[in-house]
$ cat work-v8.cif   # mmCIF, C-alpha atoms
data_structure
#
loop_
_atom_site.group_PDB
_atom_site.id
_atom_site.type_symbol
_atom_site.label_atom_id
_atom_site.label_comp_id
_atom_site.auth_asym_id
_atom_site.auth_seq_id
_atom_site.Cartn_x
_atom_site.Cartn_y
_atom_site.Cartn_z
ATOM 1 C CA MET K 336 32.624 119.011 81.191
ATOM 2 C CA GLY K 337 34.680 117.626 78.294
ATOM 3 C CA LEU K 338 33.699 117.914 74.639
ATOM 4 C CA LEU K 339 32.705 114.263 74.296
ATOM 5 C CA GLU K 340 30.485 114.361 77.364
ATOM 6 C CA SER K 341 28.816 117.555 76.104
ATOM 7 C CA TRP K 342 28.263 115.992 72.671
ATOM 8 C CA ARG K 343 26.721 112.836 74.082
ATOM 9 C CA GLU K 344 24.522 114.799 76.479
ATOM 10 C CA LYS K 345 23.159 116.839 73.567
ATOM 11 C CA ALA K 346 22.960 114.080 70.953
ATOM 12 C CA TYR K 347 21.402 111.406 73.150
ATOM 13 C CA SER K 348 19.271 113.611 75.395
ATOM 14 C CA THR K 349 16.082 112.031 76.680
ATOM 15 C CA LYS K 350 14.795 115.471 77.677
ATOM 16 C CA THR K 351 14.847 116.934 74.167
ATOM 17 C CA ASP K 352 11.682 116.749 72.048
ATOM 18 C CA LYS K 353 11.897 113.792 69.638
ATOM 19 C CA LYS K 354 11.132 115.972 66.608
ATOM 20 C CA VAL K 355 13.893 118.435 67.547
ATOM 21 C CA LEU K 356 16.322 115.559 68.171
ATOM 22 C CA GLY K 357 15.357 113.994 64.822
ATOM 23 C CA GLU K 358 16.102 117.285 63.027
ATOM 24 C CA PHE K 359 19.400 117.543 64.917
ATOM 25 C CA TRP K 360 20.471 114.062 63.741
ATOM 26 C CA SER K 361 19.268 114.648 60.188
ATOM 27 C CA ASP K 362 21.365 117.831 59.980
ATOM 28 C CA TYR K 363 24.358 116.094 61.575
ATOM 29 C CA PHE K 364 24.187 113.107 59.178
ATOM 30 C CA MET K 365 24.313 115.434 56.147
ATOM 31 C CA LYS K 366 27.425 117.146 57.544
ATOM 32 C CA GLU K 367 28.982 113.785 58.417
ATOM 33 C CA LYS K 368 28.372 112.598 54.847
ATOM 34 C CA GLY K 369 30.110 115.726 53.523
ATOM 35 C CA ILE K 370 33.182 115.092 55.683
ATOM 36 C CA TYR K 371 33.399 111.464 54.521
ATOM 37 C CA GLU K 372 33.067 112.525 50.881
ATOM 38 C CA ILE K 373 36.139 114.727 51.352
ATOM 39 C CA LEU K 374 38.131 112.135 53.314
ATOM 40 C CA LEU K 375 37.395 109.322 50.853
ATOM 41 C CA GLN K 376 38.722 111.350 47.907
ATOM 42 C CA ASN K 377 42.216 110.653 49.234
ATOM 43 C CA PRO K 378 41.903 107.750 51.713
ATOM 44 C CA GLU K 379 45.669 107.312 52.114
ATOM 45 C CA GLU K 380 46.140 110.860 53.444
ATOM 46 C CA ALA K 381 46.435 110.859 57.237
ATOM 47 C CA VAL K 382 44.458 114.000 58.102
ATOM 48 C CA SER K 383 45.268 115.456 61.506
ATOM 49 C CA GLY K 384 44.987 118.671 63.480
ATOM 50 C CA THR K 385 43.345 120.033 66.582
ATOM 51 C CA VAL K 386 39.622 119.479 67.023
ATOM 52 C CA LYS K 387 39.053 123.186 66.302
ATOM 53 C CA GLU K 388 41.253 123.146 63.175
ATOM 54 C CA LEU K 389 39.449 120.105 61.763
ATOM 55 C CA ALA K 390 36.050 121.655 62.527
ATOM 56 C CA ASP K 391 37.074 124.792 60.616
ATOM 57 C CA ARG K 392 38.570 122.742 57.770
ATOM 58 C CA PHE K 393 35.357 120.763 57.246
ATOM 59 C CA GLY K 394 32.973 123.651 57.946
ATOM 60 C CA VAL K 395 31.301 122.244 61.049
ATOM 61 C CA THR K 396 31.076 123.277 64.682
ATOM 62 C CA VAL K 397 33.488 121.941 67.298
ATOM 63 C CA MET K 398 30.569 119.989 68.796
ATOM 64 C CA GLU K 399 29.759 118.369 65.424
ATOM 65 C CA MET K 400 33.433 117.509 64.905
ATOM 66 C CA THR K 401 33.392 115.914 68.352
ATOM 67 C CA GLY K 402 30.463 113.742 67.246
ATOM 68 C CA PHE K 403 32.309 112.845 64.056
ATOM 69 C CA LEU K 404 35.425 111.882 66.023
ATOM 70 C CA ASP K 405 33.280 109.786 68.355
ATOM 71 C CA GLY K 406 31.817 107.956 65.361
ATOM 72 C CA ILE K 407 35.038 107.328 63.435
ATOM 73 C CA ASN K 408 37.241 106.459 66.430
ATOM 74 C CA ASP K 409 36.702 102.676 66.175
ATOM 75 C CA SER K 410 37.770 102.799 62.512
ATOM 76 C CA LEU K 411 41.088 104.567 63.069
ATOM 77 C CA LYS K 412 44.447 102.834 62.811
ATOM 78 C CA VAL K 413 45.305 104.396 66.193
ATOM 79 C CA PRO K 414 42.207 105.540 68.121
ATOM 80 C CA ASN K 415 42.204 109.048 69.568
ATOM 81 C CA LEU K 416 41.829 109.582 73.314
ATOM 82 C CA ILE K 417 38.433 111.188 72.855
ATOM 83 C CA GLU K 418 37.347 111.047 76.504
ATOM 84 C CA GLU K 419 39.796 113.805 77.474
ATOM 85 C CA MET K 420 39.450 115.748 74.212
ATOM 86 C CA GLU K 421 39.318 119.561 74.207
ATOM 87 C CA GLU K 422 39.299 122.081 71.315
ATOM 88 C CA ASP K 423 43.104 122.234 71.237
ATOM 89 C CA THR K 424 43.645 118.455 71.409
ATOM 90 C CA LEU K 425 45.604 117.084 68.446
ATOM 91 C CA VAL K 426 43.673 114.261 66.771
ATOM 92 C CA SER K 427 44.163 112.082 63.708
ATOM 93 C CA LEU K 428 41.698 110.828 61.111
ATOM 94 C CA ASP K 429 44.015 108.104 59.787
ATOM 95 C CA PHE K 430 41.389 105.426 59.195
ATOM 96 C CA ASP K 431 41.586 101.815 58.076
ATOM 97 C CA ASN K 432 39.534 101.592 54.852
ATOM 98 C CA GLU K 433 38.126 98.112 55.462
ATOM 99 C CA LYS K 434 37.369 98.723 59.113
ATOM 100 C CA LEU K 435 35.610 102.006 58.279
ATOM 101 C CA TYR K 436 33.480 100.389 55.576
ATOM 102 C CA LYS K 437 32.475 97.500 57.847
ATOM 103 C CA ASN K 438 31.677 99.852 60.743
ATOM 104 C CA MET K 439 29.451 101.920 58.446
ATOM 105 C CA VAL K 440 27.596 98.755 57.434
ATOM 106 C CA ASP K 441 27.331 97.670 61.066
ATOM 107 C CA ALA K 442 25.902 101.086 61.989
ATOM 108 C CA LYS K 443 23.341 100.681 59.179
ATOM 109 C CA ALA K 444 24.594 103.984 57.728
ATOM 110 C CA ASP K 445 23.695 103.258 54.106
ATOM 111 C CA TRP K 446 24.167 106.940 53.186
ATOM 112 C CA LEU K 447 27.838 106.424 54.078
ATOM 113 C CA TYR K 448 28.761 102.941 52.869
ATOM 114 C CA ARG K 449 26.984 103.625 49.570
ATOM 115 C CA LEU K 450 29.003 106.761 48.806
ATOM 116 C CA SER K 451 30.313 106.646 45.253
ATOM 117 C CA ALA K 452 33.848 107.323 46.531
ATOM 118 C CA TRP K 453 33.999 103.731 47.816
ATOM 119 C CA ASN K 454 33.973 102.558 44.172
ATOM 120 C CA ASP K 455 37.412 104.135 43.716
ATOM 121 C CA ILE K 456 38.730 102.361 46.834
ATOM 122 C CA PHE K 457 37.169 98.892 46.539
ATOM 123 C CA ASP K 458 35.726 97.068 43.549
ATOM 124 C CA GLU K 459 32.134 95.849 43.737
ATOM 125 C CA GLU K 460 33.192 92.311 44.715
ATOM 126 C CA LYS K 461 35.328 93.560 47.638
ATOM 127 C CA GLN K 462 32.535 95.864 48.832
ATOM 128 C CA HIS K 463 30.135 92.928 48.810
ATOM 129 C CA ALA K 464 32.613 90.733 50.725
ATOM 130 C CA LEU K 465 33.133 93.461 53.345
ATOM 131 C CA TYR K 466 29.372 93.956 53.594
ATOM 132 C CA ILE K 467 28.811 90.239 54.246
ATOM 133 C CA GLU K 468 31.672 90.163 56.766
ATOM 134 C CA ALA K 469 30.203 93.162 58.622
ATOM 135 C CA LYS K 470 26.753 91.596 58.747
ATOM 136 C CA LYS K 471 28.222 88.394 60.211
ATOM 137 C CA MET K 472 30.120 90.260 62.965
ATOM 138 C CA ASN K 473 27.090 90.475 65.242
ATOM 139 C CA THR K 474 25.442 87.213 64.263
ATOM 140 C CA VAL K 475 25.204 84.745 67.118
ATOM 141 C CA VAL K 476 25.483 81.118 66.056
ATOM 142 C CA LYS K 477 24.121 78.613 68.547
ATOM 143 C CA GLY K 478 25.652 75.193 68.738
ATOM 144 C CA LYS K 479 23.659 72.001 68.370
ATOM 145 C CA LYS K 480 21.569 71.260 71.451
ATOM 146 C CA ILE K 481 22.699 68.248 73.453
ATOM 147 C CA GLY K 482 19.965 65.647 73.894
ATOM 148 C CA ARG K 483 19.394 63.892 77.227
ATOM 149 C CA ASN K 484 20.482 60.543 75.826
ATOM 150 C CA ASP K 485 23.469 61.836 73.843
ATOM 151 C CA PRO K 486 26.993 61.076 75.063
ATOM 152 C CA CYS K 487 28.171 63.746 77.489
ATOM 153 C CA PRO K 488 30.460 66.316 75.796
ATOM 154 C CA CYS K 489 32.841 66.195 78.779
ATOM 155 C CA GLY K 490 34.143 62.856 77.476
ATOM 156 C CA SER K 491 33.159 60.697 80.458
ATOM 157 C CA GLY K 492 31.408 58.152 78.239
ATOM 158 C CA LYS K 493 28.179 58.495 80.231
ATOM 159 C CA LYS K 494 24.882 59.730 78.880
ATOM 160 C CA TYR K 495 24.451 63.490 79.288
ATOM 161 C CA LYS K 496 21.441 63.007 81.619
ATOM 162 C CA PHE K 497 23.575 60.988 84.082
ATOM 163 C CA CYS K 498 26.621 63.263 83.912
ATOM 164 C CA CYS K 499 26.776 67.024 83.316
ATOM 165 C CA GLY K 500 23.042 67.230 82.556
ATOM 166 C CA ARG K 501 22.054 66.596 86.177
ATOM 167 C CA SER K 502 20.464 69.561 87.899
#
$ encode --input "work-v8.cif" --output "structure tokens"
Amino acid sequence: MGLLESWREKAYSTKTDKKVLGEFWSDYFMKEKGIYEILLQNPEEAVSGTVKELADRFGVTVMEMTGFLDGINDSLKVPNLIEEMEEDTLVSLDFDNEKLYKNMVDAKADWLYRLSAWNDIFDEEKQHALYIEAKKMNTVVKGKKIGRNDPCPCGSGKKYKFCCGRS
């Protein structure tokens, strides 16, 4: 079983007691926050290494680093191949600042997108713009409903009820 599969089995287990799983996530989120605080101090540095090396560097277990890599992967300039990842797999943490911020907002991870380090990367106005953009990403906008007697949108010139609106 690969690292990612093991991580997901542990982190999203339906067999584990909810209280135990809640404590697991609470502990993980604090460690994740610590890693981001370090990474955001120098956001232009492309941190890389093996999964094991990065886990040691940030003071977490290989399994926790796997979870971190799973979470940040969509925010990287070049995503890692995390499905086949093992301890000795070389990975990169070269993230796109805007994409990372928006993904944190989308994940509702306020403990991450409200880190003070973001103030050194983006001004307040830019953070607000990214926040709004992230919130709009998953908003579904429905078009105006076509009435029975409206002209058919296909352009036939007929009423909708006599054209495409027929059942």
$ residues_around --input "work-v8.cif" --residues "Tyr436 (chain K)" --least-positions-apart "5" --cutoff "8 Å" --atoms "all atoms listed in the file" --output "MDAnalysis selection string"
chainID K and resid 448 465:466
$ atom_distance --input "work-v8.cif" --atom1 "CA of Thr396 (chain K)" --atom2 "CA of Ile456 (chain K)"
28.5 Å
$ closest_residue --input "work-v8.cif" --among "K:Thr401, K:Ser383, K:Gln462, K:Thr351" --to "Leu428 (chain K)" --atoms "only C-alpha atoms"
K:Ser383
$ atom_distance --input "work-v8.cif" --atom1 "CA of Lys461 (chain K)" --atom2 "CA of Glu433 (chain K)"
9.5 Å
$ atom_distance --input "work-v8.cif" --atom1 "CA of Lys353 (chain K)" --atom2 "CA of Phe393 (chain K)"
27.4 Å
$ closest_residue --input "work-v8.cif" --among "K:Lys479, K:Lys493, K:Lys412, K:Lys470" --to "Phe430 (chain K)" --atoms "all atoms listed in the file"
K:Lys412
$ residues_around --input "work-v8.cif" --residues "Gly384 (chain K)" --least-positions-apart "3" --cutoff "9 Å" --atoms "only C-alpha atoms" --output "PyMOL selection string"
chain K and resi 387-389+423-428
$ decode --input "work-v8.cif" --residues "region 339-351 of chain K" --atoms "N, CA, C and O atoms" --output "mmCIF file, in the first residue's frame"
data_model
loop_
_atom_site.group_PDB
_atom_site.id
_atom_site.type_symbol
_atom_site.label_atom_id
_atom_site.label_comp_id
_atom_site.auth_asym_id
_atom_site.auth_seq_id
_atom_site.Cartn_x
_atom_site.Cartn_y
_atom_site.Cartn_z
ATOM 1 N N LEU K 339 0.110 7.519 0.156
ATOM 2 C CA LEU K 339 -1.128 8.296 0.030
ATOM 3 C C LEU K 339 -2.343 7.458 0.419
ATOM 4 O O LEU K 339 -3.226 7.928 1.135
ATOM 5 N N GLU K 340 -2.365 6.241 -0.039
ATOM 6 C CA GLU K 340 -3.490 5.347 0.292
ATOM 7 C C GLU K 340 -3.553 5.098 1.801
ATOM 8 O O GLU K 340 -4.632 5.109 2.393
ATOM 9 N N SER K 341 -2.393 4.899 2.419
ATOM 10 C CA SER K 341 -2.341 4.693 3.873
ATOM 11 C C SER K 341 -2.833 5.936 4.614
ATOM 12 O O SER K 341 -3.586 5.839 5.590
ATOM 13 N N TRP K 342 -2.392 7.114 4.151
ATOM 14 C CA TRP K 342 -2.824 8.367 4.770
ATOM 15 C C TRP K 342 -4.339 8.510 4.690
ATOM 16 O O TRP K 342 -5.002 8.803 5.680
ATOM 17 N N ARG K 343 -4.873 8.330 3.516
ATOM 18 C CA ARG K 343 -6.320 8.515 3.327
ATOM 19 C C ARG K 343 -7.124 7.491 4.115
ATOM 20 O O ARG K 343 -8.190 7.814 4.635
ATOM 21 N N GLU K 344 -6.617 6.274 4.212
ATOM 22 C CA GLU K 344 -7.306 5.237 4.978
ATOM 23 C C GLU K 344 -7.367 5.631 6.454
ATOM 24 O O GLU K 344 -8.383 5.437 7.115
ATOM 25 N N LYS K 345 -6.279 6.198 6.959
ATOM 26 C CA LYS K 345 -6.229 6.612 8.363
ATOM 27 C C LYS K 345 -7.026 7.893 8.598
ATOM 28 O O LYS K 345 -7.819 7.979 9.531
ATOM 29 N N ALA K 346 -6.833 8.883 7.752
ATOM 30 C CA ALA K 346 -7.431 10.200 7.955
ATOM 31 C C ALA K 346 -8.939 10.234 7.714
ATOM 32 O O ALA K 346 -9.643 11.036 8.323
ATOM 33 N N TYR K 347 -9.418 9.401 6.825
ATOM 34 C CA TYR K 347 -10.842 9.430 6.476
ATOM 35 C C TYR K 347 -11.559 8.142 6.871
ATOM 36 O O TYR K 347 -12.591 7.804 6.299
ATOM 37 N N SER K 348 -11.025 7.451 7.850
ATOM 38 C CA SER K 348 -11.585 6.174 8.291
ATOM 39 C C SER K 348 -12.998 6.345 8.849
ATOM 40 O O SER K 348 -13.258 7.248 9.650
ATOM 41 N N THR K 349 -13.877 5.481 8.428
ATOM 42 C CA THR K 349 -15.243 5.480 8.964
ATOM 43 C C THR K 349 -15.333 4.531 10.161
ATOM 44 O O THR K 349 -16.332 4.522 10.866
ATOM 45 N N LYS K 350 -14.274 3.761 10.372
ATOM 46 C CA LYS K 350 -14.258 2.796 11.475
ATOM 47 C C LYS K 350 -13.721 3.397 12.767
ATOM 48 O O LYS K 350 -13.994 2.906 13.847
ATOM 49 N N THR K 351 -12.952 4.488 12.647
ATOM 50 C CA THR K 351 -12.362 5.126 13.806
ATOM 51 C C THR K 351 -13.404 5.940 14.559
ATOM 52 O O THR K 351 -14.267 6.580 13.941
#
